[in-house]
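Note: the block below is protein-v7.cif and it holds mmCIF, C-alpha atoms.
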```cif
data_structure
loop_
_atom_site.label_atom_id
_atom_site.label_comp_id
_atom_site.auth_asym_id
_atom_site.auth_seq_id
_atom_site.Cartn_x
_atom_site.Cartn_y
_atom_site.Cartn_z
CA MET A 1 -29.79 21.83 135.42
CA THR A 2 -31.94 19.95 137.97
CA GLU A 3 -35.69 19.82 138.18
CA THR A 4 -37.34 21.71 141.02
CA THR A 5 -40.54 20.65 142.72
CA ALA A 6 -42.36 23.27 140.67
CA ASP A 7 -40.90 21.78 137.49
CA VAL A 8 -42.15 18.33 138.46
CA ARG A 9 -45.64 19.66 139.14
CA ALA A 10 -45.63 21.52 135.85
CA VAL A 11 -44.69 18.31 134.02
CA ARG A 12 -47.55 16.44 135.67
CA SER A 13 -50.02 19.21 134.95
CA ALA A 14 -48.98 19.59 131.34
CA HIS A 15 -48.51 15.99 130.23
CA GLY A 16 -49.44 13.73 133.10
CA VAL A 17 -52.56 11.88 134.15
CA GLY A 18 -53.38 13.56 137.40
CA GLY A 19 -51.66 13.39 140.72
CA GLY A 20 -50.47 9.77 140.68
CA GLU A 21 -48.23 7.66 138.48
CA VAL A 22 -49.75 5.60 135.70
CA PRO A 23 -49.22 1.82 135.70
CA VAL A 24 -45.79 0.89 134.39
CA ARG A 25 -47.36 -1.11 131.56
CA TRP A 26 -48.41 2.19 129.99
CA VAL A 27 -44.79 3.32 129.86
CA TRP A 28 -44.04 0.22 127.78
CA LEU A 29 -47.18 0.64 125.66
CA ALA A 30 -46.30 4.29 124.99
CA ALA A 31 -43.12 3.06 123.31
CA TRP A 32 -45.04 0.81 120.89
CA PRO A 33 -45.85 3.53 118.30
CA VAL A 34 -42.11 4.30 118.15
CA THR A 35 -41.37 0.63 117.48
CA ALA A 36 -44.13 0.26 114.88
CA VAL A 37 -42.98 3.24 112.82
CA PHE A 38 -39.34 2.19 113.01
CA VAL A 39 -40.30 -1.27 111.74
CA LEU A 40 -41.44 0.57 108.61
CA SER A 41 -38.29 2.70 108.50
CA ASN A 42 -36.10 -0.27 107.57
CA ALA A 43 -38.62 -2.78 106.23
CA ALA A 44 -37.60 -1.92 102.66
CA THR A 45 -33.92 -2.73 103.24
CA PRO A 46 -33.96 -6.42 102.13
CA LEU A 47 -36.20 -5.55 99.18
CA TYR A 48 -33.77 -3.10 97.57
CA VAL A 49 -31.87 -5.92 95.87
CA LEU A 50 -35.17 -7.12 94.37
CA TRP A 51 -36.20 -3.62 93.26
CA GLN A 52 -32.70 -2.92 91.96
CA ARG A 53 -32.85 -6.00 89.75
CA GLU A 54 -36.34 -5.19 88.48
CA MET A 55 -35.81 -1.45 87.94
CA GLY A 56 -32.11 -1.50 87.03
CA PHE A 57 -30.76 1.37 89.14
CA SER A 58 -27.19 1.84 90.43
CA ARG A 59 -25.74 1.78 93.94
CA GLY A 60 -25.64 5.57 93.83
CA THR A 61 -29.36 5.70 93.05
CA LEU A 62 -29.96 3.21 95.84
CA THR A 63 -28.29 5.47 98.39
CA VAL A 64 -30.29 8.46 97.04
CA VAL A 65 -33.52 6.52 97.64
CA PHE A 66 -32.30 5.84 101.15
CA ALA A 67 -31.30 9.47 101.67
CA CYS A 68 -34.79 10.68 100.68
CA TYR A 69 -35.91 9.10 103.91
CA ILE A 70 -33.33 11.20 105.76
CA ALA A 71 -34.50 14.31 103.89
CA GLY A 72 -38.13 13.73 104.88
CA LEU A 73 -37.07 13.07 108.45
CA LEU A 74 -35.02 16.26 108.70
CA VAL A 75 -37.84 18.40 107.27
CA SER A 76 -40.23 16.82 109.74
CA LEU A 77 -37.91 17.58 112.64
CA LEU A 78 -38.02 21.29 111.78
CA VAL A 79 -41.65 21.42 112.86
CA SER A 80 -42.75 18.25 114.69
CA GLY A 81 -40.93 18.92 117.95
CA VAL A 82 -42.22 22.47 118.32
CA VAL A 83 -45.79 21.48 117.35
CA SER A 84 -45.73 18.57 119.78
CA ASP A 85 -44.55 20.74 122.68
CA ARG A 86 -47.25 23.35 121.94
CA LEU A 87 -50.26 21.27 120.85
CA GLY A 88 -49.53 17.92 122.47
CA ARG A 89 -48.19 14.51 121.49
CA LYS A 90 -51.33 13.02 119.95
CA PRO A 91 -51.91 15.80 117.35
CA VAL A 92 -48.45 14.95 115.96
CA LEU A 93 -48.43 11.18 116.39
CA LEU A 94 -51.79 10.42 114.77
CA PRO A 95 -51.04 12.21 111.44
CA ALA A 96 -47.58 10.62 111.47
CA LEU A 97 -49.07 7.16 111.75
CA GLY A 98 -51.51 8.01 108.96
CA LEU A 99 -48.63 9.06 106.72
CA ALA A 100 -46.81 5.83 107.57
CA LEU A 101 -49.87 3.91 106.36
CA VAL A 102 -49.74 5.88 103.10
CA ALA A 103 -46.08 4.90 102.74
CA CYS A 104 -47.05 1.24 103.12
CA LEU A 105 -49.54 1.59 100.26
CA VAL A 106 -47.00 3.29 97.98
CA PHE A 107 -44.30 0.72 98.77
CA ALA A 108 -46.69 -2.16 98.10
CA THR A 109 -47.62 -0.82 94.65
CA ALA A 110 -44.26 0.73 93.64
CA GLY A 111 -43.44 0.38 89.94
CA GLY A 112 -40.44 2.67 89.65
CA VAL A 113 -37.80 4.71 91.44
CA ALA A 114 -40.15 7.71 91.78
CA ALA A 115 -42.57 5.64 93.85
CA LEU A 116 -39.76 4.40 96.09
CA ILE A 117 -38.60 7.98 96.62
CA LEU A 118 -42.14 9.10 97.53
CA ALA A 119 -42.59 6.21 99.94
CA ARG A 120 -39.24 6.91 101.59
CA LEU A 121 -40.07 10.61 101.95
CA CYS A 122 -43.39 9.77 103.64
CA THR A 123 -41.60 7.31 105.90
CA GLY A 124 -39.00 9.91 106.83
CA VAL A 125 -41.62 12.49 107.75
CA ALA A 126 -43.43 9.93 109.93
CA VAL A 127 -40.20 8.88 111.64
CA GLY A 128 -39.24 12.50 112.28
CA ALA A 129 -42.52 13.06 114.11
CA VAL A 130 -42.10 9.89 116.14
CA VAL A 131 -38.52 10.51 117.28
CA SER A 132 -39.59 13.89 118.63
CA ALA A 133 -43.22 13.54 119.79
CA GLY A 134 -43.25 9.78 120.32
CA MET A 135 -40.16 9.64 122.47
CA ALA A 136 -41.34 12.66 124.46
CA ALA A 137 -44.69 10.91 124.96
CA VAL A 138 -42.91 7.98 126.60
CA THR A 139 -41.27 10.40 129.04
CA ASP A 140 -44.60 12.16 129.70
CA VAL A 141 -46.37 8.90 130.49
CA ALA A 142 -43.50 7.68 132.66
CA GLY A 143 -43.50 10.81 134.81
CA PRO A 144 -40.52 12.55 136.46
CA ALA A 145 -39.73 9.61 138.75
CA ARG A 146 -39.24 7.26 135.78
CA ARG A 147 -37.31 9.48 133.39
CA ARG A 148 -34.34 7.12 133.21
CA LEU A 149 -36.66 4.21 132.38
CA ALA A 150 -38.35 6.39 129.76
CA ALA A 151 -35.03 7.20 128.07
CA LEU A 152 -34.11 3.51 128.00
CA LEU A 153 -37.47 2.33 126.61
CA ALA A 154 -37.77 5.11 124.04
CA SER A 155 -34.26 4.48 122.75
CA CYS A 156 -34.66 0.69 122.68
CA ALA A 157 -38.06 0.98 120.98
CA MET A 158 -36.39 2.88 118.15
CA VAL A 159 -33.50 0.50 117.52
CA PHE A 160 -35.53 -2.68 118.12
CA GLY A 161 -38.14 -1.60 115.58
CA ALA A 162 -35.39 -0.66 113.15
CA GLY A 163 -34.02 -4.20 113.47
CA VAL A 164 -37.31 -6.10 113.34
CA GLY A 165 -38.31 -4.35 110.08
CA PRO A 166 -35.64 -5.83 107.79
CA LEU A 167 -35.81 -9.29 109.39
CA LEU A 168 -39.59 -9.41 109.05
CA ALA A 169 -39.40 -8.16 105.47
CA GLY A 170 -36.65 -10.61 104.57
CA VAL A 171 -38.49 -13.65 105.90
CA LEU A 172 -41.91 -12.71 104.52
CA SER A 173 -40.59 -11.75 101.09
CA GLU A 174 -38.69 -15.03 100.72
CA THR A 175 -41.39 -17.37 102.04
CA LEU A 176 -44.72 -15.88 100.94
CA PRO A 177 -46.07 -14.82 97.55
CA GLY A 178 -46.28 -11.16 96.55
CA PRO A 179 -43.20 -10.13 98.55
CA THR A 180 -43.69 -6.36 98.63
CA VAL A 181 -47.46 -6.48 99.11
CA THR A 182 -47.24 -9.02 101.94
CA VAL A 183 -44.50 -7.18 103.82
CA PHE A 184 -46.27 -3.84 103.86
CA ALA A 185 -49.69 -5.33 104.55
CA VAL A 186 -48.30 -6.84 107.75
CA GLU A 187 -46.64 -3.54 108.63
CA ALA A 188 -49.94 -1.73 108.08
CA VAL A 189 -51.55 -3.97 110.69
CA LEU A 190 -48.80 -3.07 113.18
CA LEU A 191 -49.38 0.63 112.50
CA VAL A 192 -53.13 0.28 113.09
CA THR A 193 -52.44 -1.21 116.53
CA ALA A 194 -50.13 1.75 117.21
CA VAL A 195 -52.98 4.13 116.33
CA ALA A 196 -55.15 2.35 118.91
CA VAL A 197 -52.43 2.81 121.55
CA VAL A 198 -52.04 6.53 120.81
CA LEU A 199 -55.80 7.11 121.00
CA ARG A 200 -55.85 5.70 124.54
CA MET A 201 -52.46 6.98 125.67
CA PRO A 202 -52.76 8.86 129.02
CA VAL A 203 -51.25 12.18 127.97
CA ARG A 204 -52.90 15.58 127.92
CA ARG A 205 -52.44 18.68 125.85
CA PRO A 206 -49.69 20.91 127.27
CA ALA A 207 -50.52 23.92 129.40
CA ARG A 208 -50.05 27.28 127.69
CA ALA A 209 -47.28 28.14 130.15
CA GLY A 210 -45.12 25.30 128.87
CA ALA A 211 -45.89 25.73 125.19
CA GLY A 212 -42.85 27.84 124.34
CA THR A 213 -42.51 30.83 122.02
CA GLY A 214 -40.99 31.65 118.66
CA ALA A 215 -41.52 30.39 115.12
CA TRP A 216 -43.41 27.16 114.52
CA ILE A 217 -40.98 26.03 111.83
CA ARG A 218 -37.35 26.35 112.90
CA VAL A 219 -34.15 24.47 113.46
CA PRO A 220 -34.87 22.66 116.74
CA GLY A 221 -32.82 23.54 119.79
CA VAL A 222 -32.67 23.18 123.55
CA PRO A 223 -33.25 25.60 126.45
CA ARG A 224 -30.34 27.66 127.70
CA GLY A 225 -28.07 25.55 129.85
CA ALA A 226 -28.69 22.30 127.96
CA GLY A 227 -26.50 22.99 124.92
CA ARG A 228 -23.54 21.10 126.33
CA GLN A 229 -25.61 17.96 126.89
CA LEU A 230 -26.94 18.18 123.34
CA ALA A 231 -23.43 18.59 121.90
CA LEU A 232 -22.08 15.59 123.80
CA GLY A 233 -24.99 13.41 122.66
CA VAL A 234 -24.66 14.43 119.01
CA ALA A 235 -20.87 13.94 119.06
CA VAL A 236 -21.30 10.20 119.69
CA PHE A 237 -24.80 9.52 118.31
CA ALA A 238 -24.08 11.01 114.87
CA PRO A 239 -21.15 8.73 113.95
CA GLY A 240 -23.01 5.71 115.36
CA ILE A 241 -26.20 6.20 113.38
CA THR A 242 -24.22 7.10 110.26
CA ALA A 243 -22.40 3.77 110.55
CA THR A 244 -25.65 1.82 110.81
CA SER A 245 -27.11 3.83 107.92
CA PHE A 246 -24.20 2.76 105.74
CA VAL A 247 -24.70 -0.90 106.61
CA LEU A 248 -28.41 -0.56 105.80
CA SER A 249 -27.93 1.23 102.48
CA LEU A 250 -25.02 -0.78 101.07
CA GLY A 251 -25.04 -3.90 103.27
CA PRO A 252 -27.04 -5.99 100.77
CA SER A 253 -24.57 -5.09 98.00
CA LEU A 254 -21.65 -6.01 100.26
CA LEU A 255 -23.26 -9.31 101.15
CA SER A 256 -23.98 -10.04 97.51
CA GLY A 257 -20.32 -9.51 96.63
CA LEU A 258 -18.89 -11.40 99.61
CA LEU A 259 -21.32 -14.32 99.74
CA GLY A 260 -22.54 -14.42 96.17
CA THR A 261 -26.15 -14.39 97.37
CA ASP A 262 -29.07 -12.00 97.05
CA SER A 263 -31.00 -13.68 99.87
CA ARG A 264 -33.29 -11.16 101.49
CA ILE A 265 -33.38 -13.23 104.66
CA VAL A 266 -29.59 -12.99 104.99
CA SER A 267 -29.52 -9.20 104.50
CA GLY A 268 -32.51 -8.78 106.81
CA ALA A 269 -30.84 -10.95 109.44
CA LEU A 270 -27.68 -8.84 109.25
CA ALA A 271 -29.67 -5.65 109.90
CA PHE A 272 -31.68 -7.33 112.66
CA THR A 273 -28.53 -8.54 114.39
CA MET A 274 -27.05 -5.05 114.19
CA PHE A 275 -30.05 -3.43 115.85
CA LEU A 276 -30.56 -6.29 118.29
CA CYS A 277 -27.04 -5.52 119.48
CA ALA A 278 -28.00 -1.84 119.70
CA THR A 279 -30.98 -2.80 121.87
CA GLY A 280 -29.19 -5.29 124.11
CA VAL A 281 -26.20 -3.07 124.76
CA GLN A 282 -28.45 -0.35 126.15
CA PHE A 283 -29.82 -2.67 128.81
CA ALA A 284 -26.30 -3.89 129.52
CA VAL A 285 -24.83 -0.43 130.16
CA ARG A 286 -27.74 1.23 131.94
CA GLY A 287 -25.92 1.04 135.28
CA LEU A 288 -22.86 2.86 133.95
CA GLN A 289 -22.16 6.58 134.08
CA ARG A 290 -23.34 8.57 131.09
CA ARG A 291 -19.84 9.73 130.26
CA THR A 292 -18.57 6.14 130.23
CA VAL A 293 -21.40 5.00 127.97
CA LEU A 294 -20.71 7.78 125.47
CA VAL A 295 -16.96 7.12 125.37
CA VAL A 296 -17.44 3.36 124.92
CA GLY A 297 -20.05 4.06 122.24
CA ALA A 298 -17.58 6.18 120.30
CA GLY A 299 -14.96 3.45 120.62
CA ALA A 300 -17.40 0.83 119.29
CA THR A 301 -18.05 2.94 116.20
CA VAL A 302 -14.32 3.32 115.55
CA LEU A 303 -13.78 -0.43 115.81
CA GLY A 304 -16.83 -1.04 113.63
CA MET A 305 -15.40 1.06 110.83
CA LEU A 306 -12.04 -0.70 111.10
CA ALA A 307 -13.88 -4.01 110.79
CA LEU A 308 -15.81 -2.70 107.77
CA VAL A 309 -12.63 -1.69 105.96
CA THR A 310 -11.13 -5.08 106.79
CA ALA A 311 -14.21 -6.84 105.42
CA VAL A 312 -14.13 -5.15 102.02
CA HIS A 313 -10.39 -5.63 101.63
CA THR A 314 -10.27 -9.28 102.69
CA GLY A 315 -13.71 -10.52 101.69
CA SER A 316 -14.31 -11.60 105.28
CA VAL A 317 -17.94 -12.23 106.19
CA PRO A 318 -17.13 -12.44 109.95
CA ALA A 319 -15.50 -8.99 109.69
CA LEU A 320 -18.65 -7.62 108.04
CA ALA A 321 -20.79 -9.15 110.78
CA GLY A 322 -18.48 -7.67 113.38
CA ALA A 323 -18.74 -4.27 111.73
CA ALA A 324 -22.55 -4.47 111.91
CA LEU A 325 -22.53 -5.48 115.59
CA LEU A 326 -20.07 -2.76 116.55
CA ALA A 327 -21.95 -0.12 114.55
CA GLY A 328 -25.16 -1.14 116.32
CA ALA A 329 -23.46 -0.89 119.70
CA GLY A 330 -22.08 2.53 118.82
CA GLN A 331 -25.48 3.87 117.79
CA GLY A 332 -27.24 2.29 120.77
CA MET A 333 -24.89 3.77 123.37
CA GLY A 334 -24.69 7.16 121.67
CA GLN A 335 -28.45 7.35 121.39
CA LEU A 336 -29.14 6.25 124.95
CA GLY A 337 -26.49 8.58 126.36
CA GLY A 338 -27.83 11.53 124.39
CA LEU A 339 -31.48 10.90 125.30
CA SER A 340 -30.60 10.38 128.95
CA LEU A 341 -28.69 13.68 129.09
CA LEU A 342 -31.64 15.54 127.57
CA ASN A 343 -34.22 13.81 129.79
CA SER A 344 -32.20 14.84 132.85
CA THR A 345 -31.98 18.53 131.93
CA VAL A 346 -34.82 19.57 129.60
CA PRO A 347 -38.34 20.25 130.99
CA ALA A 348 -41.32 18.51 129.40
CA GLY A 349 -42.43 21.69 127.62
CA ARG A 350 -39.30 21.60 125.43
CA LEU A 351 -38.49 17.89 125.40
CA ALA A 352 -39.90 16.99 121.98
CA GLU A 353 -37.96 19.85 120.39
CA ALA A 354 -34.81 18.75 122.23
CA ASN A 355 -35.27 15.19 120.93
CA ALA A 356 -35.68 16.64 117.45
CA ALA A 357 -32.44 18.59 117.85
CA LEU A 358 -30.54 15.45 118.84
CA ASN A 359 -31.86 13.60 115.81
CA VAL A 360 -31.13 16.46 113.41
CA GLY A 361 -27.52 16.33 114.57
CA GLY A 362 -27.44 12.58 114.09
CA TYR A 363 -29.36 12.11 110.86
CA LEU A 364 -27.77 14.93 108.88
CA PRO A 365 -24.42 13.16 108.45
CA ALA A 366 -26.29 9.85 108.24
CA GLY A 367 -27.94 11.15 105.07
CA ILE A 368 -24.96 12.87 103.47
CA LEU A 369 -22.07 10.45 104.02
CA PRO A 370 -23.67 7.18 102.82
CA VAL A 371 -24.89 8.89 99.63
CA THR A 372 -21.40 10.22 99.01
CA ALA A 373 -19.97 6.76 99.65
CA GLY A 374 -22.47 5.23 97.23
CA TYR A 375 -21.45 7.48 94.35
CA VAL A 376 -17.76 7.13 95.18
CA SER A 377 -18.26 3.35 95.07
CA ASP A 378 -19.87 3.62 91.62
CA ALA A 379 -16.90 5.67 90.39
CA VAL A 380 -13.90 3.92 91.97
CA GLY A 381 -15.30 0.63 93.24
CA LEU A 382 -16.95 -0.61 96.41
CA THR A 383 -13.66 -1.36 98.17
CA ALA A 384 -12.23 2.13 97.73
CA GLY A 385 -15.55 3.82 98.50
CA ALA A 386 -16.07 1.85 101.71
CA THR A 387 -12.47 2.53 102.76
CA VAL A 388 -12.87 6.29 102.35
CA PHE A 389 -16.18 6.25 104.16
CA GLY A 390 -14.98 4.06 107.02
CA THR A 391 -11.86 6.15 107.58
CA ALA A 392 -13.80 9.42 107.64
CA LEU A 393 -16.40 8.05 110.02
CA ALA A 394 -13.80 6.58 112.35
CA GLY A 395 -12.24 10.04 112.54
CA MET A 396 -15.62 11.55 113.46
CA ALA A 397 -16.10 8.97 116.20
CA VAL A 398 -12.62 9.61 117.63
CA ALA A 399 -13.38 13.34 117.75
CA GLY A 400 -16.71 12.67 119.46
CA GLY A 401 -15.14 10.47 122.11
CA ALA A 402 -12.42 13.06 122.73
CA LEU A 403 -15.05 15.76 123.20
CA VAL A 404 -16.76 13.68 125.88
CA LEU A 405 -13.47 12.96 127.65
CA LEU A 406 -12.55 16.65 127.65
CA SER A 407 -15.92 17.66 129.11
CA ARG A 408 -15.24 17.97 132.83
CA ARG A 409 -18.70 19.03 133.88
CA GLU A 410 -20.56 15.88 132.88
CA PRO A 411 -22.44 14.57 135.97
CA ALA A 412 -21.31 11.15 137.17
CA GLN A 413 -24.84 9.74 137.34
CA PRO A 414 -25.73 6.28 136.03
CA LEU A 415 -28.26 5.92 133.22
CA GLY A 416 -30.65 3.81 135.19
#
```
structure tokens encoding of this file:
Amino acid sequence: MTETTADVRAVRSAHGVGGGEVPVRWVWLAAWPVTAVFVLSNAATPLYVLWQREMGFSRGTLTVVFACYIAGLLVSLLVSGVVSDRLGRKPVLLPALGLALVACLVFATAGGVAALILARLCTGVAVGAVVSAGMAAVTDVAGPARRRLAALLASCAMVFGAGVGPLLAGVLSETLPGPTVTVFAVEAVLLVTAVAVVLRMPVRRPARAGAGTGAWIRVPGVPRGAGRQLALGVAVFAPGITATSFVLSLGPSLLSGLLGTDSRIVSGALAFTMFLCATGVQFAVRGLQRRTVLVVGAGATVLGMLALVTAVHTGSVPALAGAALLAGAGQGMGQLGGLSLLNSTVPAGRLAEANAALNVGGYLPAGILPVTAGYVSDAVGLTAGATVFGTALAGMAVAGGALVLLSRREPAQPLG
């Protein structure tokens, strides 16, 4: 589906800032709230070893705490995309940022597993709103002429924030007193600056004509004619983000076993490197065709899972690092390819819901499989659990890459 002149005018009328383009700096600034919330999404990762020691919970419980974030995110995606397309980006983003600030407070004062679960749920809800409304806001501010740039910046803002969070938390918690309080106090400051950006962001409430119809709470979808693009994006994005979710949830335990260290800086650096790769690879492949990016992304996930299985069987730290880098590359390319396909086919009045649909498809397995792997690891050991998980995920990635290769109608347009 291609945009007509009428479509472009409708986009500008509904979400733009008048007849002309906004300065490009606002396209970058519009991505900042996405980054700030995703810093929170993974800021707790290096602290789980500390909480696990203090509270005495198992690896299975650890993955449940992580999955509560996925649960909150998925529930949020059932409503945030539709609400954003009908009421506007700001009415969704501002409450989401407020809820993220609440999560910071709960994390900073957590005294038990219940508090961690509550904080992760709040974080998940906030992230769900941001991946739908926040990413759509970047596209709205960019305008139709900059949709490829918008897809790149929105996607990179997500993975860069996800990587900065654990590194920042690891360094602060190892070098400053009051590790949990300090980490989330700094994150709260970042969120306040994001609130300031959203308040001044040059987007308007959508016109009634583009607001859509149907239930307010529903499984998000895409307009007729865009289902194929959604399916191709999910086929590669889902295995990629599931792979990075596994590294985040059980990576500290793997590092502890392989290196004999509980250093929060080391585990935070591993996560940061993984998402830095996810960010860098998106800039590196932006000149390639979408189909090529998706196929290579699927291949990176397959290789990442092979490296993960090798790491747990041989005790190889380089193999674990390679698994993290390849998983990051797989998520980055799958995410960018999926967002680019949607940005090229879905009108602004349905874009937040379409973004929500892509993330539902990605985060659902990312919540289920790592939890399963965690409990399998508790029952049969980390080596066997990681082997089962890695093999299953590699199979998913192979199937996703095959689906892209078999899709003959994919347009041969570069990402940017």
Selected by the PyMOL selection byres ((chain A and resi 367-382) around 10) in the shown coordinates: which residues, as a PyMOL selection string?
chain A and resi 58-71+73-74+241-250+253-254+257+312-313+362-366+383-390+392-393
Export of the given selection (C-alpha atoms) as a JSON list (two decimals), in the frame of the given file:
```
[["chain", "number", "residue", "atom", "x", "y", "z"],
["A", 58, "SER", "CA", -27.19, 1.84, 90.43],
["A", 59, "ARG", "CA", -25.74, 1.78, 93.94],
["A", 60, "GLY", "CA", -25.64, 5.57, 93.83],
["A", 61, "THR", "CA", -29.36, 5.70, 93.05],
["A", 62, "LEU", "CA", -29.96, 3.21, 95.84],
["A", 63, "THR", "CA", -28.29, 5.47, 98.39],
["A", 64, "VAL", "CA", -30.29, 8.46, 97.04],
["A", 65, "VAL", "CA", -33.52, 6.52, 97.64],
["A", 66, "PHE", "CA", -32.30, 5.84, 101.15],
["A", 67, "ALA", "CA", -31.30, 9.47, 101.67],
["A", 68, "CYS", "CA", -34.79, 10.68, 100.68],
["A", 69, "TYR", "CA", -35.91, 9.10, 103.91],
["A", 70, "ILE", "CA", -33.33, 11.20, 105.76],
["A", 71, "ALA", "CA", -34.50, 14.31, 103.89],
["A", 73, "LEU", "CA", -37.07, 13.07, 108.45],
["A", 74, "LEU", "CA", -35.02, 16.26, 108.70],
["A", 241, "ILE", "CA", -26.20, 6.20, 113.38],
["A", 242, "THR", "CA", -24.22, 7.10, 110.26],
["A", 243, "ALA", "CA", -22.40, 3.77, 110.55],
["A", 244, "THR", "CA", -25.65, 1.82, 110.81],
["A", 245, "SER", "CA", -27.11, 3.83, 107.92],
["A", 246, "PHE", "CA", -24.20, 2.76, 105.74],
["A", 247, "VAL", "CA", -24.70, -0.90, 106.61],
["A", 248, "LEU", "CA", -28.41, -0.56, 105.80],
["A", 249, "SER", "CA", -27.93, 1.23, 102.48],
["A", 250, "LEU", "CA", -25.02, -0.78, 101.07],
["A", 253, "SER", "CA", -24.57, -5.09, 98.00],
["A", 254, "LEU", "CA", -21.65, -6.01, 100.26],
["A", 257, "GLY", "CA", -20.32, -9.51, 96.63],
["A", 312, "VAL", "CA", -14.13, -5.15, 102.02],
["A", 313, "HIS", "CA", -10.39, -5.63, 101.63],
["A", 362, "GLY", "CA", -27.44, 12.58, 114.09],
["A", 363, "TYR", "CA", -29.36, 12.11, 110.86],
["A", 364, "LEU", "CA", -27.77, 14.93, 108.88],
["A", 365, "PRO", "CA", -24.42, 13.16, 108.45],
["A", 366, "ALA", "CA", -26.29, 9.85, 108.24],
["A", 383, "THR", "CA", -13.66, -1.36, 98.17],
["A", 384, "ALA", "CA", -12.23, 2.13, 97.73],
["A", 385, "GLY", "CA", -15.55, 3.82, 98.50],
["A", 386, "ALA", "CA", -16.07, 1.85, 101.71],
["A", 387, "THR", "CA", -12.47, 2.53, 102.76],
["A", 388, "VAL", "CA", -12.87, 6.29, 102.35],
["A", 389, "PHE", "CA", -16.18, 6.25, 104.16],
["A", 390, "GLY", "CA", -14.98, 4.06, 107.02],
["A", 392, "ALA", "CA", -13.80, 9.42, 107.64],
["A", 393, "LEU", "CA", -16.40, 8.05, 110.02]]
```
Check which residues satisfy the PyMOL selection byres ((chain A and resi 354) around 8) in the file shown, then give them as a short mmCIF file (atom, residue, chain, number, x, y, z; two decimals) with C-alpha atoms, keeping the file's coordinate frame.
```
data_model
loop_
_atom_site.label_atom_id
_atom_site.label_comp_id
_atom_site.auth_asym_id
_atom_site.auth_seq_id
_atom_site.Cartn_x
_atom_site.Cartn_y
_atom_site.Cartn_z
CA GLY A 81 -40.93 18.92 117.95
CA SER A 132 -39.59 13.89 118.63
CA PRO A 220 -34.87 22.66 116.74
CA GLY A 221 -32.82 23.54 119.79
CA VAL A 222 -32.67 23.18 123.55
CA LEU A 230 -26.94 18.18 123.34
CA LEU A 342 -31.64 15.54 127.57
CA VAL A 346 -34.82 19.57 129.60
CA ARG A 350 -39.30 21.60 125.43
CA LEU A 351 -38.49 17.89 125.40
CA ALA A 352 -39.90 16.99 121.98
CA GLU A 353 -37.96 19.85 120.39
CA ASN A 355 -35.27 15.19 120.93
CA ALA A 356 -35.68 16.64 117.45
CA ALA A 357 -32.44 18.59 117.85
CA LEU A 358 -30.54 15.45 118.84
#
```
Which centre and edge lengths in Å to one decimal define the box along x, y and z that fits every listed atom of stretch 309-315 of chain A plus 4 Å per side, as JSON?
```
{"center_x": -12.2, "center_y": -6.1, "center_z": 104.2, "size_x": 11.9, "size_y": 16.8, "size_z": 13.2}
```
Which residue out of A:Val195, A:Val203, A:Val22, A:Ala300 has the minimum interatomic distance to A:Gly240 when all atoms listed in the file are used?
A:Ala300
Evaluate the PyMOL selection byres ((chain A and resi 133) around 10) on the structure here and hand back the selected residues as an NGL selection string.
:A and (34 or 77 or 80-85 or 88-93 or 96 or 127-132 or 134-139 or 351-353 or 355-356)
Distance atom CA of A:Phe184-atom CA of A:Asn359, one decimal place?
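Taking atom CA of A:Phe184 and atom CA of A:Asn359, their separation equals 25.6 Å.
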Atom CA of A:Gly395 and atom CA of A:Met158 are how many Å apart?
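The value is 25.8 Å.
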Coordinates-based distance that separates atom CA of A:Val285 from atom CA of A:Arg147 (Å, one decimal):
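So the two atoms, atom CA of A:Arg147 and atom CA of A:Val285, lie 16.3 Å apart.
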Taking 3 positions as the minimum chain separation for residues in the same chain, which residues sit within 12 Å of A:Gln229 when counting all atoms listed in the file? Answer as an NGL selection string.
:A and (1 or 221-226 or 232-236 or 290-291 or 294 or 337-346 or 354-355 or 357-358 or 403-404 or 407-411)
So that I can see what lies close to A:Thr273, please list as a count of residues only the residues with an atom at most 12 Å from it, counting only C-alpha atoms and leaving out residues fewer than 6 positions away in the same chain.
28
Of the candidates A:Gly170, A:Pro23, A:Gly334, A:Gly299, which one gets nearest to A:Ala394 if we count all atoms listed in the file?
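For A:Ala394, the nearest of the given residues is A:Gly299.
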Using only C-alpha atoms, which of A:Ala348, A:Leu276, A:Val39, A:Val24 sits nearest A:Val189?
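Using only C-alpha atoms, the shortest distance to A:Val189 belongs to A:Val39.
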